[in-house]
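Coordinates from upload_9.pdb are shown below (PDB, C-alpha atoms).
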ATOM      1  CA  MET A   1     185.308 120.847 125.214
ATOM      2  CA  THR A   2     186.771 119.554 121.984
ATOM      3  CA  ILE A   3     188.907 121.459 119.501
ATOM      4  CA  TYR A   4     187.961 120.503 115.949
ATOM      5  CA  GLY A   5     189.732 121.398 112.738
ATOM      6  CA  TYR A   6     188.271 121.765 109.283
ATOM      7  CA  SER A   7     190.267 121.700 106.052
ATOM      8  CA  ARG A   8     189.186 121.800 102.433
ATOM      9  CA  VAL A   9     190.860 121.541  99.061
ATOM     10  CA  SER A  10     189.046 122.451  95.885
ATOM     11  CA  THR A  11     190.074 119.865  93.349
ATOM     12  CA  THR A  12     190.226 116.140  92.850
ATOM     13  CA  LEU A  13     192.150 116.352  89.566
ATOM     14  CA  LYS A  14     195.482 114.525  89.719
ATOM     15  CA  LYS A  15     197.388 117.078  87.631
ATOM     16  CA  ASN A  16     196.281 119.937  89.947
ATOM     17  CA  LYS A  17     196.172 117.810  93.048
ATOM     18  CA  GLN A  18     195.942 119.879  96.174
ATOM     19  CA  HIS A  19     196.985 118.398  99.465
ATOM     20  CA  PHE A  20     195.676 118.761 102.985
ATOM     21  CA  THR A  21     199.197 118.618 104.440
ATOM     22  CA  LEU A  22     199.775 122.361 104.906
ATOM     23  CA  GLN A  23     196.335 122.965 106.389
ATOM     24  CA  ASN A  24     196.261 119.888 108.604
ATOM     25  CA  ASN A  25     199.754 120.538 109.974
ATOM     26  CA  ALA A  26     198.720 124.088 110.920
ATOM     27  CA  LEU A  27     195.511 122.773 112.499
ATOM     28  CA  LYS A  28     197.385 120.177 114.571
ATOM     29  CA  GLU A  29     199.839 122.873 115.653
ATOM     30  CA  ALA A  30     196.870 125.014 116.756
ATOM     31  CA  GLY A  31     195.691 122.182 119.010
ATOM     32  CA  CYS A  32     193.017 120.405 116.940
ATOM     33  CA  GLU A  33     192.125 116.989 118.302
ATOM     34  CA  ILE A  34     189.850 115.923 115.412
ATOM     35  CA  ILE A  35     190.067 117.217 111.817
ATOM     36  CA  TYR A  36     187.312 117.002 109.210
ATOM     37  CA  SER A  37     188.418 117.400 105.572
ATOM     38  CA  ASP A  38     186.440 117.941 102.354
ATOM     39  CA  ARG A  39     187.821 117.641  98.834
ATOM     40  CA  LEU A  40     185.180 119.814  97.152
ATOM     41  CA  SER A  41     184.741 123.262  95.683
ATOM     42  CA  GLY A  42     183.971 125.919  98.271
ATOM     43  CA  THR A  43     180.988 126.990  96.180
ATOM     44  CA  ARG A  44     179.163 123.758  96.971
ATOM     45  CA  ASN A  45     176.691 123.638  99.839
ATOM     46  CA  ASP A  46     176.810 119.857 100.152
ATOM     47  CA  ARG A  47     180.128 119.488 101.944
ATOM     48  CA  PRO A  48     179.629 116.229 103.860
ATOM     49  CA  GLU A  49     182.570 116.620 106.245
ATOM     50  CA  ARG A  50     181.533 120.141 107.231
ATOM     51  CA  LYS A  51     177.999 118.845 107.861
ATOM     52  CA  ALA A  52     179.431 116.015 109.971
ATOM     53  CA  LEU A  53     181.480 118.560 111.921
ATOM     54  CA  PHE A  54     178.371 120.652 112.622
ATOM     55  CA  ALA A  55     176.591 117.506 113.829
ATOM     56  CA  ALA A  56     179.445 116.692 116.241
ATOM     57  CA  LEU A  57     179.718 120.157 117.792
ATOM     58  CA  LYS A  58     178.601 120.828 121.350
ATOM     59  CA  GLU A  59     178.511 123.990 123.447
ATOM     60  CA  GLY A  60     182.018 124.980 124.497
ATOM     61  CA  ASP A  61     183.733 123.352 121.505
ATOM     62  CA  THR A  62     186.025 125.258 119.142
ATOM     63  CA  VAL A  63     186.363 125.034 115.347
ATOM     64  CA  ILE A  64     189.709 125.998 113.835
ATOM     65  CA  VAL A  65     190.389 126.574 110.136
ATOM     66  CA  TRP A  66     193.645 127.389 108.419
ATOM     67  CA  LYS A  67     192.090 130.207 106.374
ATOM     68  CA  LEU A  68     188.598 131.759 106.135
ATOM     69  CA  ASP A  69     188.089 130.792 102.484
ATOM     70  CA  ARG A  70     188.462 127.138 103.483
ATOM     71  CA  TRP A  71     185.381 127.519 105.721
ATOM     72  CA  GLY A  72     183.011 129.884 103.893
ATOM     73  CA  ARG A  73     182.098 129.951 100.213
ATOM     74  CA  SER A  74     181.044 133.610 100.322
ATOM     75  CA  MET A  75     180.826 136.460 102.798
ATOM     76  CA  SER A  76     177.168 135.649 103.495
ATOM     77  CA  ASP A  77     177.899 131.925 103.957
ATOM     78  CA  LEU A  78     180.802 132.758 106.233
ATOM     79  CA  THR A  79     178.825 135.102 108.464
ATOM     80  CA  ALA A  80     175.757 132.834 108.550
ATOM     81  CA  SER A  81     177.886 129.878 109.651
ATOM     82  CA  LEU A  82     179.720 131.991 112.248
ATOM     83  CA  GLU A  83     176.368 133.168 113.635
ATOM     84  CA  LEU A  84     175.187 129.559 113.806
ATOM     85  CA  LEU A  85     178.342 128.579 115.701
ATOM     86  CA  GLU A  86     177.847 131.492 118.100
ATOM     87  CA  GLN A  87     174.217 130.494 118.745
ATOM     88  CA  ARG A  88     175.403 126.987 119.601
ATOM     89  CA  GLY A  89     178.090 128.305 121.959
ATOM     90  CA  VAL A  90     180.941 127.177 119.696
ATOM     91  CA  LYS A  91     184.044 129.332 119.228
ATOM     92  CA  PHE A  92     185.755 129.864 115.863
ATOM     93  CA  VAL A  93     189.407 130.441 114.996
ATOM     94  CA  SER A  94     191.052 131.186 111.656
ATOM     95  CA  VAL A  95     194.795 130.688 111.939
ATOM     96  CA  THR A  96     195.905 132.765 108.931
ATOM     97  CA  GLU A  97     193.669 135.792 109.536
ATOM     98  CA  ALA A  98     194.142 135.660 113.327
ATOM     99  CA  ILE A  99     190.391 135.634 113.977
ATOM    100  CA  ASP A 100     189.539 134.077 117.316
ATOM    101  CA  THR A 101     186.006 134.468 118.677
ATOM    102  CA  ARG A 102     187.312 133.320 122.068
ATOM    103  CA  THR A 103     188.650 136.892 122.421
ATOM    104  CA  ILE A 104     186.942 140.290 122.460
ATOM    105  CA  GLN A 105     188.893 141.396 119.374
ATOM    106  CA  GLY A 106     187.945 138.226 117.505
ATOM    107  CA  ARG A 107     184.252 138.725 118.267
ATOM    108  CA  LEU A 108     184.572 142.333 117.087
ATOM    109  CA  LEU A 109     186.156 141.208 113.813
ATOM    110  CA  ALA A 110     183.430 138.578 113.309
ATOM    111  CA  GLY A 111     180.857 141.337 113.847
ATOM    112  CA  VAL A 112     182.592 143.512 111.254
ATOM    113  CA  LEU A 113     182.505 140.611 108.775
ATOM    114  CA  SER A 114     178.793 140.189 109.472
ATOM    115  CA  SER A 115     178.224 143.897 108.797
ATOM    116  CA  ILE A 116     180.136 143.669 105.521
ATOM    117  CA  ALA A 117     177.974 140.724 104.436
ATOM    118  CA  ALA A 118     174.804 142.667 105.268
ATOM    119  CA  PHE A 119     176.172 145.623 103.295
ATOM    120  CA  GLU A 120     176.865 143.356 100.299
ATOM    121  CA  ARG A 121     173.281 142.010 100.434
ATOM    122  CA  GLU A 122     171.862 145.540 100.532
ATOM    123  CA  ILE A 123     174.020 146.580  97.559
ATOM    124  CA  VAL A 124     172.679 143.635  95.531
ATOM    125  CA  VAL A 125     169.075 144.502  96.432
ATOM    126  CA  GLU A 126     169.696 148.145  95.536
ATOM    127  CA  ARG A 127     171.123 147.162  92.135
ATOM    128  CA  ILE A 128     168.127 144.950  91.409
ATOM    129  CA  ARG A 129     165.703 147.742  92.310
ATOM    130  CA  ALA A 130     167.621 150.240  90.165
ATOM    131  CA  GLY A 131     167.598 147.817  87.223
ATOM    132  CA  LEU A 132     163.860 147.246  87.532
ATOM    133  CA  ALA A 133     163.199 150.985  87.757
ATOM    134  CA  ALA A 134     165.360 151.660  84.677
ATOM    135  CA  SER A 135     163.554 148.938  82.745
ATOM    136  CA  LYS A 136     160.185 150.344  83.785
ATOM    137  CA  ARG A 137     161.216 153.869  82.673
ATOM    138  CA  LYS A 138     162.502 152.539  79.363
ATOM    139  CA  ASN A 139     159.631 150.230  78.520
ATOM    140  CA  GLY A 140     156.802 151.705  80.534
ATOM    141  CA  ARG A 141     154.309 149.661  82.453
ATOM    142  CA  PRO A 142     152.770 146.898  80.361
ATOM    143  CA  LYS A 143     149.130 147.447  79.511
ATOM    144  CA  ALA A 144     146.740 145.067  81.219
ATOM    145  CA  LEU A 145     144.247 145.105  78.335
ATOM    146  CA  THR A 146     144.525 145.486  74.583
ATOM    147  CA  GLY A 147     142.120 147.638  72.580
ATOM    148  CA  HIS A 148     140.381 144.468  71.399
ATOM    149  CA  ASN A 149     139.869 143.368  75.028
ATOM    150  CA  VAL A 150     138.445 146.791  75.931
ATOM    151  CA  ASN A 151     135.826 146.310  73.182
ATOM    152  CA  LEU A 152     135.018 142.823  74.482
ATOM    153  CA  ILE A 153     134.619 144.122  78.034
ATOM    154  CA  LYS A 154     132.242 146.837  76.839
ATOM    155  CA  ARG A 155     130.226 144.255  74.897
ATOM    156  CA  LEU A 156     130.071 141.809  77.838
ATOM    157  CA  ARG A 157     129.025 144.563  80.225
ATOM    158  CA  GLY A 158     126.395 145.668  77.711
ATOM    159  CA  GLU A 159     125.068 142.105  77.757
ATOM    160  CA  GLY A 160     124.580 142.387  81.529
ATOM    161  CA  ILE A 161     127.602 140.457  82.727
ATOM    162  CA  GLY A 162     128.879 141.744  86.084
ATOM    163  CA  VAL A 163     132.200 143.490  86.599
ATOM    164  CA  PRO A 164     133.543 140.832  89.024
ATOM    165  CA  GLU A 165     132.915 138.066  86.471
ATOM    166  CA  ILE A 166     134.499 140.086  83.651
ATOM    167  CA  ALA A 167     137.547 140.821  85.830
ATOM    168  CA  LYS A 168     137.928 137.133  86.588
ATOM    169  CA  GLN A 169     137.587 136.173  82.919
ATOM    170  CA  PHE A 170     140.347 138.609  81.850
ATOM    171  CA  SER A 171     142.505 138.016  84.985
ATOM    172  CA  VAL A 172     142.494 141.698  85.906
ATOM    173  CA  SER A 173     141.238 143.713  88.856
ATOM    174  CA  ARG A 174     137.743 145.167  89.044
ATOM    175  CA  GLN A 175     139.272 148.641  88.864
ATOM    176  CA  THR A 176     140.904 147.741  85.534
ATOM    177  CA  VAL A 177     137.491 146.701  84.182
ATOM    178  CA  TYR A 178     135.913 149.962  85.418
ATOM    179  CA  SER A 179     138.738 151.918  83.757
ATOM    180  CA  ALA A 180     138.227 150.009  80.499
ATOM    181  CA  LEU A 181     134.520 150.837  80.566
ATOM    182  CA  GLN A 182     135.413 154.554  80.738
ATOM    183  CA  LYS A 183     137.622 154.390  77.646
ATOM    184  CA  PRO A 184     136.236 155.105  74.182
ATOM    185  CA  ALA A 185     135.631 152.087  71.957
ATOM    186  CA  VAL A 186     138.634 151.080  69.872
ATOM    187  CA  ILE A 187     137.978 151.080  66.125
ATOM    188  CA  THR A 188     139.817 148.459  64.167
ATOM    189  CA  LEU A 189     140.127 148.720  60.433
ATOM    190  CA  LEU A 190     140.045 145.609  58.362
ATOM    191  CA  ALA A 191     142.370 145.426  55.387
ATOM    192  CA  GLY A 192     140.414 144.638  52.282
TER     193      GLY A 192
END

Let's see the structure in the file written out as structure tokens.
Amino acid sequence: MTIYGYSRVSTTLKKNKQHFTLQNNALKEAGCEIIYSDRLSGTRNDRPERKALFAALKEGDTVIVWKLDRWGRSMSDLTASLELLEQRGVKFVSVTEAIDTRTIQGRLLAGVLSSIAAFEREIVVERIRAGLAASKRKNGRPKALTGHNVNLIKRLRGEGIGVPEIAKQFSVSRQTVYSALQKPAVITLLAG
């Protein structure tokens, strides 16, 4: 059973240079034997050291971070990675937030974080649905066929062409073609 540490700083710019010293000292103090460190934005998925850490982990190992935001780029990323660690039998500790999945309280807190992430996802889905519904109310449903197309459908049907073939030609359902056939012909006036 190995205790791994993970640290991350966000910038590589010299004028805003961030150092691993604070994090790595805290990780060593917490008992980390091996520390993986990325110098990348937390919003990036391609963190090579974190991937290498995941590859090294075995059941019974522990991952320790100085702070949650060093590990997860968002609530959903955080909870997904914690669930993955749990599935692999790996424990997780965040020094600053006192989260430790080796304890009952730590597992409870990780579960609460997972619930919050699920709640956030549902809120986003709800907002999308509400936006689509508002747009539909404002603009109405787009018409599948123009008046000109209704006239063409009537003419094609009058020439003996079958409904399935007409539907395919106009990229609409058969029911749309049947509905168009029930509508009165559209009269278009030509400007002279």

Apply the PyMOL selection byres ((chain A and resi 180) around 9) to the displayed file and report the matching residues as a ChimeraX atom specification.
/A:145,149-151,153-154,175-179,181-184

Keeping C-alpha atoms, export the residues of the selection given above as a compact mmCIF listing (two decimals), keeping the file's coordinate frame.
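Writing the result to part-v6.txt gives the following:
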# COMPACT_ATOMS: atom_id res chain seq x y z
CA LEU A 145 144.25 145.10 78.33
CA ASN A 149 139.87 143.37 75.03
CA VAL A 150 138.44 146.79 75.93
CA ASN A 151 135.83 146.31 73.18
CA ILE A 153 134.62 144.12 78.03
CA LYS A 154 132.24 146.84 76.84
CA GLN A 175 139.27 148.64 88.86
CA THR A 176 140.90 147.74 85.53
CA VAL A 177 137.49 146.70 84.18
CA TYR A 178 135.91 149.96 85.42
CA SER A 179 138.74 151.92 83.76
CA LEU A 181 134.52 150.84 80.57
CA GLN A 182 135.41 154.55 80.74
CA LYS A 183 137.62 154.39 77.65
CA PRO A 184 136.24 155.10 74.18

So which residues touch region 18-34 of chain A within 9 Å, counting only C-alpha atoms, skipping near sequence neighbours fewer than 3 positions away, as a ChimeraX atom specification?
/A:2-14,37,39,62-67,95

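Across A:Glu97, A:Leu53, A:Thr79, A:Val90, the tightest approach to Ala110 (chain A) is made by A:Thr79 when counting all atoms listed in the file.
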
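We find CA of Leu82 (chain A) and CA of Asp61 (chain A) to be spaced 13.3 Å apart.
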
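Compared by their closest atoms to Phe170 (chain A), and using only C-alpha atoms, the residues A:Arg157, A:Lys58, A:Met1, A:Ala144 rank with A:Ala144 nearest.
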
May I have the residues within 10 Å of Leu152 (chain A) as a ChimeraX atom specification, using only C-alpha atoms and disregarding those fewer than 5 positions away in the same chain?
/A:146-147,157-158,166,180,185

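Reported to one decimal place, the separation of CA of Arg107 (chain A) from CA of Arg50 (chain A) is 21.8 Å.
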
Nearest-residue call for Leu113 (chain A), choices A:Thr101, A:Ser76, A:Ser135, A:Thr96, using all atoms listed in the file
A:Ser76

Using Å and a single decimal, report how far CA of Glu59 (chain A) sits from CA of Gln87 (chain A).
9.1 Å

Can you turn the PyMOL selection byres ((chain A and resi 109) around 12) into a concrete residue list for this file, as a list in words?
Thr79, Leu82, Phe92, Val93, Ser94, Glu97, Ala98, Ile99, Asp100, Thr101, Arg102, Thr103, Ile104, Gln105, Gly106, Arg107, Leu108, Ala110, Gly111, Val112, Leu113, Ser114, Ser115 and Ile116 of chain A

Missing atoms in region 130-150 of chain A: can you complete it with N, CA and C atoms, as a compact mmCIF listing (two decimals), in the coordinates of the input?
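Listing of part.txt after writing:
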# COMPACT_ATOMS: atom_id res chain seq x y z
N ALA A 130 167.25 149.24 91.15
CA ALA A 130 167.62 150.24 90.16
C ALA A 130 167.43 149.69 88.75
N GLY A 131 167.79 148.43 88.53
CA GLY A 131 167.60 147.82 87.22
C GLY A 131 166.13 147.71 86.84
N LEU A 132 165.30 147.33 87.80
CA LEU A 132 163.86 147.25 87.53
C LEU A 132 163.27 148.62 87.23
N ALA A 133 163.70 149.62 87.99
CA ALA A 133 163.20 150.99 87.76
C ALA A 133 163.63 151.49 86.38
N ALA A 134 164.88 151.22 86.00
CA ALA A 134 165.36 151.66 84.68
C ALA A 134 164.58 150.96 83.57
N SER A 135 164.32 149.69 83.74
CA SER A 135 163.55 148.94 82.74
C SER A 135 162.13 149.48 82.63
N LYS A 136 161.55 149.81 83.78
CA LYS A 136 160.18 150.34 83.78
C LYS A 136 160.14 151.71 83.08
N ARG A 137 161.16 152.56 83.34
CA ARG A 137 161.22 153.87 82.67
C ARG A 137 161.38 153.70 81.17
N LYS A 138 162.21 152.75 80.77
CA LYS A 138 162.50 152.54 79.36
C LYS A 138 161.29 151.96 78.63
N ASN A 139 160.70 150.95 79.21
CA ASN A 139 159.63 150.23 78.52
C ASN A 139 158.22 150.64 78.94
N GLY A 140 158.12 151.36 80.02
CA GLY A 140 156.80 151.71 80.53
C GLY A 140 156.13 150.49 81.15
N ARG A 141 155.05 150.75 81.83
CA ARG A 141 154.31 149.66 82.45
C ARG A 141 153.51 148.94 81.38
N PRO A 142 153.54 147.61 81.39
CA PRO A 142 152.77 146.90 80.36
C PRO A 142 151.27 147.12 80.55
N LYS A 143 150.57 147.23 79.46
CA LYS A 143 149.13 147.45 79.51
C LYS A 143 148.45 146.14 79.89
N ALA A 144 147.45 146.25 80.76
CA ALA A 144 146.74 145.07 81.22
C ALA A 144 145.79 144.56 80.14
N LEU A 145 145.24 145.48 79.35
CA LEU A 145 144.25 145.10 78.33
C LEU A 145 144.58 145.72 76.99
N THR A 146 144.36 144.96 75.94
CA THR A 146 144.52 145.49 74.58
C THR A 146 143.25 146.21 74.19
N GLY A 147 143.32 146.96 73.09
CA GLY A 147 142.12 147.64 72.58
C GLY A 147 141.01 146.65 72.26
N HIS A 148 141.36 145.51 71.72
CA HIS A 148 140.38 144.47 71.40
C HIS A 148 139.67 144.00 72.68
N ASN A 149 140.46 143.80 73.76
CA ASN A 149 139.87 143.37 75.03
C ASN A 149 138.96 144.43 75.63
N VAL A 150 139.31 145.71 75.45
CA VAL A 150 138.44 146.79 75.93
C VAL A 150 137.08 146.69 75.24
